[in-house]
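S.K.: work.cif is reproduced in full below (mmCIF, C-alpha atoms and all ligand atoms).
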```
data_my_file
loop_
_atom_site.label_atom_id
_atom_site.label_comp_id
_atom_site.auth_asym_id
_atom_site.auth_seq_id
_atom_site.Cartn_x
_atom_site.Cartn_y
_atom_site.Cartn_z
CA MET G 285 0.00 0.00 0.00
CA ASP G 286 1.18 3.51 -0.78
CA THR G 287 2.08 5.73 2.11
CA ILE G 288 1.48 9.48 2.09
CA PHE G 289 3.16 11.79 4.58
CA LEU G 290 1.42 15.02 5.58
CA PHE G 291 3.62 17.57 7.33
CA ASP G 292 2.56 20.61 9.26
CA LEU G 293 4.85 23.55 8.35
CA ASP G 294 5.28 25.85 11.36
CA SER G 295 7.48 24.40 14.11
CA THR G 296 7.45 21.02 12.38
CA VAL G 297 9.38 21.69 9.18
CA THR G 298 10.50 25.16 10.28
CA LYS G 299 12.43 25.91 13.43
CA GLN G 300 10.24 28.90 14.23
CA GLU G 301 6.64 29.93 13.94
CA ILE G 302 6.60 31.81 10.65
CA LEU G 303 4.14 34.65 11.25
CA PRO G 304 5.55 35.65 14.67
CA THR G 305 9.05 35.73 13.20
CA ILE G 306 7.91 38.18 10.56
CA ALA G 307 5.92 40.22 13.06
CA LYS G 308 9.10 40.66 15.05
CA LYS G 309 10.83 42.23 12.07
CA ILE G 310 8.23 44.98 11.99
CA GLY G 311 7.85 45.43 15.73
CA LYS G 312 4.45 43.75 16.02
CA GLN G 313 5.66 40.78 18.03
CA ASN G 314 3.51 41.42 21.09
CA GLU G 315 0.23 41.59 19.20
CA MET G 316 1.22 38.53 17.22
CA ARG G 317 2.36 36.51 20.20
CA GLU G 318 -0.91 37.08 21.95
CA LEU G 319 -2.91 35.88 18.95
CA THR G 320 -0.68 32.90 18.29
CA GLU G 321 -0.61 31.65 21.86
CA LYS G 322 -4.38 31.92 22.19
CA THR G 323 -4.76 29.96 18.99
CA MET G 324 -2.31 27.23 19.90
CA MET G 325 -4.05 26.82 23.25
CA GLY G 326 -7.32 26.46 21.39
CA ILE G 327 -8.98 29.46 23.11
CA LEU G 328 -9.34 31.59 19.99
CA PRO G 329 -11.05 30.06 16.95
CA PHE G 330 -8.45 29.43 14.33
CA GLN G 331 -10.16 31.24 11.46
CA ASP G 332 -10.59 34.47 13.44
CA SER G 333 -7.08 34.40 14.71
CA PHE G 334 -5.64 33.70 11.30
CA THR G 335 -7.52 36.61 9.73
CA SER G 336 -6.27 38.95 12.47
CA ARG G 337 -2.72 37.74 12.08
CA VAL G 338 -2.75 38.24 8.33
CA LYS G 339 -4.14 41.74 8.80
CA LEU G 340 -1.29 42.52 11.17
CA LEU G 341 1.25 41.70 8.48
CA SER G 342 -0.61 42.92 5.42
CA GLN G 343 1.03 46.33 5.59
CA ILE G 344 4.27 44.74 4.39
CA PRO G 345 4.61 44.10 0.65
CA VAL G 346 3.89 40.46 -0.20
CA SER G 347 7.23 39.98 -1.93
CA GLU G 348 9.01 41.17 1.20
CA VAL G 349 7.13 38.71 3.41
CA ALA G 350 7.88 35.90 0.96
CA ASP G 351 11.59 36.72 1.18
CA LEU G 352 11.50 36.76 4.97
CA VAL G 353 9.62 33.45 5.05
CA SER G 354 12.08 31.80 2.73
CA ASP G 355 14.92 32.79 5.08
CA ILE G 356 13.35 31.05 8.06
CA GLU G 357 15.46 28.23 9.43
CA VAL G 358 14.23 24.70 8.73
CA ASN G 359 14.86 21.29 10.29
CA GLU G 360 17.43 19.96 7.84
CA GLU G 361 16.77 16.27 8.54
CA ILE G 362 13.08 16.70 7.86
CA VAL G 363 13.80 18.59 4.65
CA GLU G 364 16.12 15.74 3.63
CA PHE G 365 13.27 13.30 4.20
CA LEU G 366 10.99 15.51 2.08
CA LYS G 367 13.52 15.57 -0.72
CA GLU G 368 13.94 11.79 -0.64
CA ASN G 369 10.17 11.26 -0.53
CA ARG G 370 8.87 14.20 -2.53
CA GLU G 371 6.41 12.08 -4.47
CA SER G 372 4.71 10.79 -1.33
CA SER G 373 4.85 13.92 0.84
CA PHE G 374 2.81 17.08 1.22
CA ILE G 375 3.14 20.16 3.39
CA VAL G 376 -0.20 21.06 4.95
CA THR G 377 -0.36 24.60 6.31
CA SER G 378 -2.90 27.34 6.81
CA ASN G 379 -0.27 29.88 5.83
CA LEU G 380 -0.90 31.84 2.61
CA ASP G 381 0.18 30.61 -0.81
CA VAL G 382 1.71 33.96 -1.73
CA TRP G 383 3.83 34.03 1.40
CA ILE G 384 5.19 30.51 1.34
CA GLU G 385 5.75 29.80 -2.36
CA LYS G 386 9.35 30.84 -2.21
CA LEU G 387 10.08 28.71 0.85
CA MET G 388 8.34 25.72 -0.75
CA HIS G 389 10.55 26.14 -3.80
CA LYS G 390 13.64 26.37 -1.62
CA ILE G 391 12.89 23.08 0.15
CA GLY G 392 12.01 21.34 -3.11
CA MET G 393 8.26 21.16 -2.49
CA ASP G 394 6.91 23.13 -5.45
CA GLY G 395 3.40 21.91 -6.11
CA ARG G 396 3.51 19.59 -3.07
CA TYR G 397 1.60 21.65 -0.54
CA TYR G 398 -1.91 22.50 0.62
CA CYS G 399 -2.40 26.02 2.01
CA SER G 400 -4.70 29.01 2.34
CA LYS G 401 -5.10 31.37 -0.59
CA ALA G 402 -4.95 35.15 -0.87
CA LYS G 403 -5.65 37.66 -3.59
CA VAL G 404 -2.84 40.13 -4.24
CA GLU G 405 -2.91 43.52 -5.97
CA ASP G 406 0.13 45.78 -6.28
CA ASP G 407 2.15 43.51 -4.01
CA ARG G 408 -0.44 43.80 -1.20
CA ILE G 409 -2.95 41.30 0.11
CA VAL G 410 -6.43 42.53 -0.64
CA LYS G 411 -8.39 39.47 0.38
CA ILE G 412 -8.08 36.04 1.96
CA GLU G 413 -9.90 33.83 -0.48
CA ASN G 414 -9.75 30.57 1.38
CA ILE G 415 -8.46 29.39 4.76
CA LEU G 416 -7.32 25.79 4.64
CA GLU G 417 -8.86 23.37 7.08
CA LYS G 418 -6.15 20.82 7.49
CA GLU G 419 -8.40 17.82 7.96
CA SER G 420 -9.99 18.45 4.55
CA VAL G 421 -6.77 17.32 2.87
CA GLN G 422 -7.25 13.67 3.84
CA SER G 423 -10.59 13.40 2.09
CA GLU G 424 -9.07 14.85 -1.08
CA LEU G 425 -6.33 12.26 -1.21
CA THR G 426 -6.79 8.84 -2.70
CA SER G 427 -8.37 6.74 -0.01
CA ARG G 428 -6.22 3.72 -0.69
CA ALA G 429 -3.04 5.21 0.69
CA LYS G 430 -1.91 4.90 4.27
CA ILE G 431 -1.81 8.41 5.70
CA VAL G 432 0.90 9.48 8.14
CA ALA G 433 0.41 12.96 9.66
CA ILE G 434 3.04 14.92 11.58
CA GLY G 435 2.37 18.12 13.51
CA ASP G 436 2.82 19.98 16.77
CA GLY G 437 -0.09 22.39 17.27
CA SER G 438 -3.76 22.25 18.16
CA ASN G 439 -4.62 23.10 14.55
CA ASP G 440 -3.12 19.70 13.63
CA PHE G 441 -5.58 17.91 15.90
CA ASP G 442 -7.99 16.62 13.26
CA MET G 443 -5.28 15.88 10.73
CA ILE G 444 -3.48 13.71 13.28
CA ARG G 445 -6.66 12.16 14.64
CA LYS G 446 -7.85 11.11 11.18
CA ALA G 447 -4.51 9.79 9.99
CA ASP G 448 -3.73 6.08 9.98
CA ILE G 449 -0.56 6.98 11.85
CA GLY G 450 -0.57 10.25 13.81
CA ILE G 451 2.71 11.62 15.10
CA SER G 452 3.09 14.67 17.31
CA PHE G 453 6.50 16.30 16.98
CA GLY G 454 8.05 18.21 19.87
CA GLY G 455 11.48 18.88 18.42
CA VAL G 456 10.93 22.62 18.07
CA ARG G 457 8.58 23.50 20.91
CA ASP G 458 6.16 21.81 23.28
CA ILE G 459 3.50 19.65 21.70
CA ALA G 460 -0.01 21.09 22.13
CA PRO G 461 -1.53 19.15 25.06
CA SER G 462 -4.65 18.26 23.07
CA LEU G 463 -2.57 16.24 20.60
CA ILE G 464 -1.54 13.69 23.22
CA ASP G 465 -4.99 12.08 23.15
CA VAL G 466 -5.01 11.52 19.39
CA SER G 467 -1.37 10.73 18.65
CA ASP G 468 -0.07 7.24 18.08
CA TYR G 469 3.47 8.44 18.73
CA SER G 470 5.36 11.46 20.03
CA ILE G 471 8.87 12.23 18.83
CA TYR G 472 11.13 15.01 20.13
CA ASN G 473 14.19 14.75 17.91
CA GLU G 474 14.28 15.39 14.18
CA THR G 475 16.84 12.68 13.43
CA LYS G 476 14.59 10.20 15.23
CA LEU G 477 11.59 11.47 13.29
CA ARG G 478 13.39 10.97 10.00
CA LYS G 479 14.44 7.46 10.97
CA PHE G 480 11.00 6.42 12.10
CA LEU G 481 9.28 7.86 9.04
CA THR G 482 11.78 5.99 6.88
CA ALA G 483 10.99 2.80 8.81
CA ILE G 484 7.27 3.32 8.14
CA LYS G 485 7.97 3.89 4.47
CA ASN G 486 10.05 0.71 4.27
CA GLY G 487 7.22 -1.25 5.85
CA GLU G 488 6.96 -3.90 8.55
CA TYR G 489 9.88 -6.30 8.92
CA GLN G 490 12.03 -4.44 6.40
CA ASN G 491 14.05 -2.54 9.02
CA GLU G 492 16.38 -5.24 10.15
CA GLN G 493 19.49 -3.09 10.23
CA MET R 163 23.44 -4.48 18.60
CA ASN R 164 21.51 -2.24 16.26
CA ASN R 165 19.29 -5.03 15.00
CA LYS R 166 17.28 -4.58 18.20
CA THR R 167 14.37 -2.41 19.18
CA VAL R 168 14.07 -2.09 22.95
CA ILE R 169 10.52 -1.66 24.23
CA ILE R 170 9.95 -0.46 27.79
CA SER R 171 6.31 -0.81 28.82
CA CYS R 172 5.31 2.01 31.18
CA ALA R 173 1.64 2.46 30.32
CA GLY R 174 0.17 0.75 33.39
CA MET R 175 -0.92 2.49 36.55
CA GLY R 176 1.11 0.57 39.08
CA THR R 177 -0.91 1.77 42.01
CA ARG R 178 -0.03 -1.04 44.36
CA LEU R 179 2.91 0.94 45.66
CA GLY R 180 0.55 3.76 46.51
CA ALA R 181 2.97 6.38 45.28
CA GLY R 182 0.46 7.98 42.87
CA ILE R 183 2.98 8.04 40.06
CA PRO R 184 3.77 5.56 37.29
CA LYS R 185 6.03 2.86 38.65
CA ALA R 186 8.71 3.70 36.10
CA LEU R 187 9.16 7.06 37.82
CA ILE R 188 9.64 5.93 41.39
CA ASP R 189 12.88 7.10 42.88
CA ILE R 190 15.58 4.45 43.25
CA ASP R 191 18.61 5.79 45.07
CA GLY R 192 18.22 9.32 43.73
CA GLU R 193 16.99 8.59 40.22
CA PRO R 194 13.75 7.47 38.60
CA LEU R 195 13.66 3.73 37.93
CA ILE R 196 13.42 4.19 34.16
CA ILE R 197 16.59 6.31 34.11
CA HIS R 198 18.52 3.38 35.62
CA THR R 199 17.29 1.29 32.70
CA LEU R 200 17.91 3.94 30.03
CA LYS R 201 21.51 4.36 31.22
CA MET R 202 22.10 0.72 30.34
CA LEU R 203 20.70 1.33 26.85
CA ASP R 204 22.92 4.20 25.73
CA LYS R 205 24.25 2.18 22.78
CA ILE R 206 20.80 1.20 21.56
CA GLU R 207 19.57 3.42 18.77
CA ASP R 208 15.91 2.36 18.74
CA VAL R 209 14.47 2.72 22.23
CA ARG R 210 10.69 2.89 22.55
CA VAL R 211 8.80 3.77 25.69
CA VAL R 212 5.11 2.88 25.83
CA VAL R 213 3.14 5.45 27.80
CA GLY R 214 -0.43 5.64 29.06
CA TYR R 215 -1.03 6.49 32.72
CA GLN R 216 0.38 9.99 33.30
CA ALA R 217 2.01 9.85 29.89
CA GLU R 218 3.26 13.42 29.95
CA LYS R 219 5.11 12.91 33.22
CA VAL R 220 6.89 9.83 31.91
CA ILE R 221 7.80 11.61 28.66
CA GLU R 222 9.13 14.62 30.56
CA VAL R 223 11.50 12.48 32.63
CA VAL R 224 12.67 10.32 29.74
CA LYS R 225 13.33 13.08 27.26
CA LYS R 226 15.37 15.00 29.77
CA TYR R 227 17.76 12.04 29.74
CA ARG R 228 17.60 11.38 26.00
CA ASP R 229 15.30 13.00 23.47
CA ASP R 230 15.68 10.42 20.68
CA VAL R 231 13.21 7.96 22.17
CA LEU R 232 10.08 6.94 20.31
CA PHE R 233 7.09 7.41 22.61
CA VAL R 234 4.26 5.02 21.81
CA TYR R 235 0.78 5.70 23.19
CA ASN R 236 -1.30 2.93 24.64
CA HIS R 237 -4.43 5.00 25.13
CA ASN R 238 -6.48 2.03 26.35
CA TYR R 239 -4.08 1.05 29.11
CA GLN R 240 -6.93 0.75 31.62
CA GLN R 241 -8.57 -2.00 29.59
CA ASN R 242 -5.73 -3.87 27.94
CA GLY R 243 -2.50 -5.50 29.04
CA THR R 244 1.23 -5.26 28.46
CA GLY R 245 0.79 -7.44 25.39
CA ALA R 246 -1.15 -4.59 23.80
CA SER R 247 1.67 -2.17 24.65
CA VAL R 248 4.25 -4.41 23.03
CA SER R 249 1.99 -5.04 20.02
CA LEU R 250 1.69 -1.30 19.44
CA ALA R 251 5.38 -0.64 19.96
CA LYS R 252 6.68 -3.43 17.75
CA ARG R 253 5.38 -1.87 14.53
CA TYR R 254 8.15 -0.90 12.09
CA SER R 255 10.74 -2.23 14.50
CA LYS R 256 14.11 -3.83 13.88
CA LYS R 257 14.59 -7.57 13.55
CA PHE R 258 14.48 -8.30 17.29
CA ILE R 259 12.36 -6.70 19.95
CA LEU R 260 13.58 -6.77 23.53
CA THR R 261 10.63 -6.24 25.85
CA ILE R 262 11.16 -4.92 29.36
CA ASP R 263 8.43 -4.19 31.89
CA GLY R 264 8.72 -0.66 33.23
CA ASP R 265 8.76 -1.82 36.84
CA LEU R 266 11.93 -3.89 36.46
CA LEU R 267 15.41 -3.12 37.56
CA ILE R 268 17.96 -5.30 35.76
CA HIS R 269 21.52 -6.07 36.82
CA PRO R 270 23.77 -3.98 34.53
CA ASP R 271 26.06 -6.93 33.70
CA ASP R 272 23.09 -9.06 32.71
CA MET R 273 21.73 -6.26 30.58
CA LYS R 274 25.05 -6.16 28.70
CA GLU R 275 24.72 -9.86 28.00
CA ILE R 276 21.10 -9.48 26.94
CA LEU R 277 22.01 -6.73 24.49
CA ALA R 278 24.83 -8.80 23.01
CA SER R 279 22.51 -11.74 22.37
CA GLU R 280 21.63 -12.56 18.76
CA GLN R 281 18.77 -14.92 19.41
CA GLU R 282 15.36 -15.15 20.97
CA PHE R 283 15.06 -16.00 24.64
CA VAL R 284 12.76 -15.81 27.63
CA GLY R 285 14.21 -14.05 30.67
CA VAL R 286 13.73 -16.03 33.89
CA CYS R 287 14.91 -15.87 37.49
CA GLU R 288 14.86 -17.97 40.62
CA PRO R 289 11.31 -17.86 42.01
CA SER R 290 11.27 -14.82 44.29
CA THR R 291 7.97 -12.92 44.24
CA ASP R 292 4.84 -13.70 46.26
CA ASP R 293 2.76 -14.62 43.26
CA PRO R 294 5.17 -15.84 40.58
CA VAL R 295 4.35 -16.95 37.03
CA LEU R 296 6.46 -20.11 36.90
CA VAL R 297 7.77 -21.53 33.65
CA GLY R 298 7.87 -25.14 32.53
CA VAL R 299 11.24 -26.29 31.18
CA LYS R 300 12.00 -29.30 29.00
CA ASP R 301 15.27 -30.16 27.22
CA GLY R 302 16.74 -26.81 28.20
CA LYS R 303 13.91 -24.76 26.75
CA VAL R 304 10.90 -22.98 28.15
CA THR R 305 7.82 -24.89 27.01
CA ASN R 306 4.95 -23.19 28.84
CA PHE R 307 3.90 -20.64 31.46
CA TYR R 308 1.87 -21.10 34.65
CA GLU R 309 3.59 -24.43 35.36
CA LYS R 310 2.72 -25.24 38.96
CA ASN R 311 6.14 -26.39 40.10
CA GLY R 312 8.22 -24.82 37.35
CA PRO R 313 11.89 -24.27 38.25
CA TYR R 314 12.02 -20.59 37.29
CA GLU R 315 9.95 -17.47 37.41
CA TRP R 316 9.04 -15.40 34.37
CA THR R 317 10.60 -11.90 34.56
CA GLY R 318 8.94 -9.64 32.01
CA ILE R 319 12.02 -9.68 29.79
CA THR R 320 12.04 -11.40 26.41
CA MET R 321 13.77 -11.12 23.09
CA LEU R 322 11.57 -12.00 20.15
CA GLU R 323 11.74 -11.82 16.41
CA ALA R 324 9.19 -9.14 15.60
CA LYS R 325 7.79 -10.82 12.53
CA LYS R 326 6.96 -14.05 14.33
CA ILE R 327 4.43 -12.61 16.72
CA THR R 328 0.79 -11.69 16.18
CA PRO R 329 -0.56 -8.69 18.10
CA THR R 330 -2.65 -9.27 21.23
CA ASP R 331 -4.66 -7.15 23.63
CA GLY R 332 -3.93 -9.36 26.59
CA HIS R 333 -0.90 -10.14 28.72
CA VAL R 334 2.55 -10.05 27.15
CA LEU R 335 2.78 -13.79 27.82
CA LYS R 336 0.22 -14.24 25.03
CA LEU R 337 2.86 -12.94 22.65
CA VAL R 338 5.62 -15.13 24.00
CA GLU R 339 3.45 -18.26 24.05
CA GLN R 340 3.19 -18.03 20.27
CA VAL R 341 6.86 -18.87 19.85
CA LEU R 342 7.52 -21.49 22.54
CA PRO R 343 9.54 -23.58 23.10
CA MET R 344 12.36 -21.11 23.41
CA ASP R 345 15.78 -20.76 25.04
CA PHE R 346 15.93 -18.99 28.36
CA LYS R 347 18.39 -16.76 30.15
CA ILE R 348 18.66 -16.46 33.90
CA ILE R 349 18.62 -12.78 34.74
CA ARG R 350 19.28 -10.99 37.99
CA GLU R 351 16.55 -8.42 38.40
CA LYS R 352 14.17 -6.88 40.91
CA GLU R 353 10.54 -6.41 40.09
CA ILE R 354 9.06 -3.53 42.04
CA ASP R 355 5.51 -4.32 43.00
CA THR R 356 5.15 -3.86 46.74
CA PRO R 357 6.67 -1.46 49.31
CA ASN R 358 8.91 -4.33 50.36
CA ASP R 359 10.14 -4.88 46.77
CA TYR R 360 10.84 -1.18 46.61
CA LYS R 361 12.95 -1.21 49.75
CA ASN R 362 14.91 -4.24 48.52
CA ALA R 363 15.55 -2.66 45.14
CA ILE R 364 17.06 0.43 46.73
CA ILE R 365 19.34 -1.68 48.93
CA TRP R 366 20.36 -3.72 45.87
CA VAL R 367 21.41 -0.61 43.95
CA GLN R 368 23.18 0.91 46.95
CA ASN R 369 25.15 -2.32 47.36
CA ASN R 370 26.27 -2.15 43.73
CA TYR R 371 23.81 -4.86 42.72
CA ASN R 372 25.14 -7.40 45.19
CA SER R 373 22.30 -9.06 47.02
MG MG G 501 2.87 23.82 13.78
#
```
Show the structure stored in the file as structure tokens.
Ligand SMILES: [Mg+2]
M.R.:
Amino acid sequence: MDTIFLFDLDSTVTKQEILPTIAKKIGKQNEMRELTEKTMMGILPFQDSFTSRVKLLSQIPVSEVADLVSDIEVNEEIVEFLKENRESSFIVTSNLDVWIEKLMHKIGMDGRYYCSKAKVEDDRIVKIENILEKESVQSELTSRAKIVAIGDGSNDFDMIRKADIGISFGGVRDIAPSLIDVSDYSIYNETKLRKFLTAIKNGEYQNEQ
Amino acid sequence: MNNKTVIISCAGMGTRLGAGIPKALIDIDGEPLIIHTLKMLDKIEDVRVVVGYQAEKVIEVVKKYRDDVLFVYNHNYQQNGTGASVSLAKRYSKKFILTIDGDLLIHPDDMKEILASEQEFVGVCEPSTDDPVLVGVKDGKVTNFYEKNGPYEWTGITMLEAKKITPTDGHVLKLVEQVLPMDFKIIREKEIDTPNDYKNAIIWVQNNYNS
């Protein structure tokens, strides 16, 4: 059976939360932190929080944000796994297409991601056209594949719960407490994550060495 | 050595000691029990800890010692047995799985020998607990469990070839029974079940594992 790997982006593939890192560059870190923390804790509905966070950053030209995003540090071992398994992996993020395209290209994941979509005019965001609900991705994929989902935040809850194999990753920051109940595994080290994902890909009883 | 996945089962409640914490976390001479075990496993690449009761506490302690452990959730630990924990943890493992109950303290020299072993075995000891599971032995191999006057006691340690065993929800013995008869190894260990076991285990460690 085919295996498909779904990766959260922020604090799973990247070593920082993307939007807060950008907010910091323009001195909006406090407003952003408040929104992000409330969201990760599950107090603030994700859609509302996301809209507010985008608004906070929409004063910066889109191309500038895209550059900043593409400079964000990534977990190299996870990116290596993505490169080796490009054809069976997807990034699943609520971040905006226009902000992450450049980063996706840099890590070799052109065309291999699901995200939210924005309309841009004159290098500015004029409208959020669609906010991705992560759990919707599974139903879009061919049902015959085994789905492995990897994430760290409360917005990964349904994606991990619905996956055949749900992994919460705490290598960047603490795993959202809600994920514990729906995870099959927790992993706190990116090398270990890469090894275990490779073992899953190889299949049962093929990991003798 | 790296053809082995070591599985430490810590999902159970272990309330008989009355400490209110998972048994794997009880303090033995200044350190949680599971840390004593992990220190003997430094050379093992694939260590898996099965968690359930107070999972986050167990994870916190383990990852402070080493963060490259695979934590496996047994969410139904109140209903199922250690066999379920091992069945969950053995997926995508290496050739051999070494299963260790989280309430065991193993003699470091014996652990070295266990880790060097390249074949399946059942870990046994001289009968020592109040309510032992005794093993039947014939022609130098373990043939069955719950043998009334069996010469040895089952310990909660076994090395199995992962592909030979079918998952179970019950006791870990249900997994081992599938592959009997099997060689055995006599292992010096202390199982920590009662306050008295606990006291003895501490003395054992303080005396450099001389009993
Ligand atoms: Mg995340």
S.K.: One decimal, Å: what's the distance from atom CA of Lys401 of chain G over to atom CA of Phe289 of chain G, could you say?
M.R.: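 We find that atom CA of Lys401 of chain G and atom CA of Phe289 of chain G lie 21.9 Å from each other.
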S.K.: Within 7 Å of ligand MG 501 (chain G) (counting only C-alpha atoms and all ligand atoms), which residues show up? I'd like them as a PyMOL selection string.
M.R.: chain G and resi 292-296+435-437
S.K.: Would you kindly report the residues of chain R within 6 Å of chain G, using only C-alpha atoms, as a list of chain:residue names?
M.R.: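 The selection requested is R:Asn165, R:Asp229, R:Asp230, R:Leu232, R:Phe233, R:Val234, R:Tyr235, R:Tyr254, R:Lys256, R:Lys257.
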S.K.: Taking only C-alpha atoms into account, name the residue in G:Ser373, G:Gln422, G:Ser438, G:Asn414 that is nearest to Phe291 of chain G.
M.R.: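 Checking each candidate against Phe291 of chain G, we get G:Ser373 as the closest.
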S.K.: Here is a test: counting all atoms listed in the file, which residue of G:Gln300, G:Ile375, G:Val346, G:Glu424 is nearest to Lys403 of chain G?
M.R.: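 Among G:Gln300, G:Ile375, G:Val346, G:Glu424, it is G:Val346 that comes nearest to Lys403 of chain G.
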S.K.: Nearest residue to His198 of chain R out of R:Phe283, R:Tyr227, R:Tyr239, R:Phe307, using all atoms listed in the file?
M.R.: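 Smallest separation from His198 of chain R among the options: R:Tyr227.
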S.K.: From the options G:Val376, G:Val338, G:Ile459, G:Ile362, which residue's atoms come nearest to Lys411 of chain G, counting only C-alpha atoms?
M.R.: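 Once distances to Lys411 of chain G are computed over only C-alpha atoms, the minimum belongs to G:Val338.
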S.K.: Do you know which residues are at most 10 Å from Lys418 of chain G counting all atoms listed in the file, after dropping those on the same chain fewer than 4 positions away, and could you put them as a list in words?
M.R.: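 Once the adjacent positions are removed, what remains is Leu290, Asp292, Val376, Thr377, Ser378, Tyr398, Cys399, Ser400, Gln422, Asn439, Asp440, Phe441, Asp442, Met443 and Ile444 of chain G.
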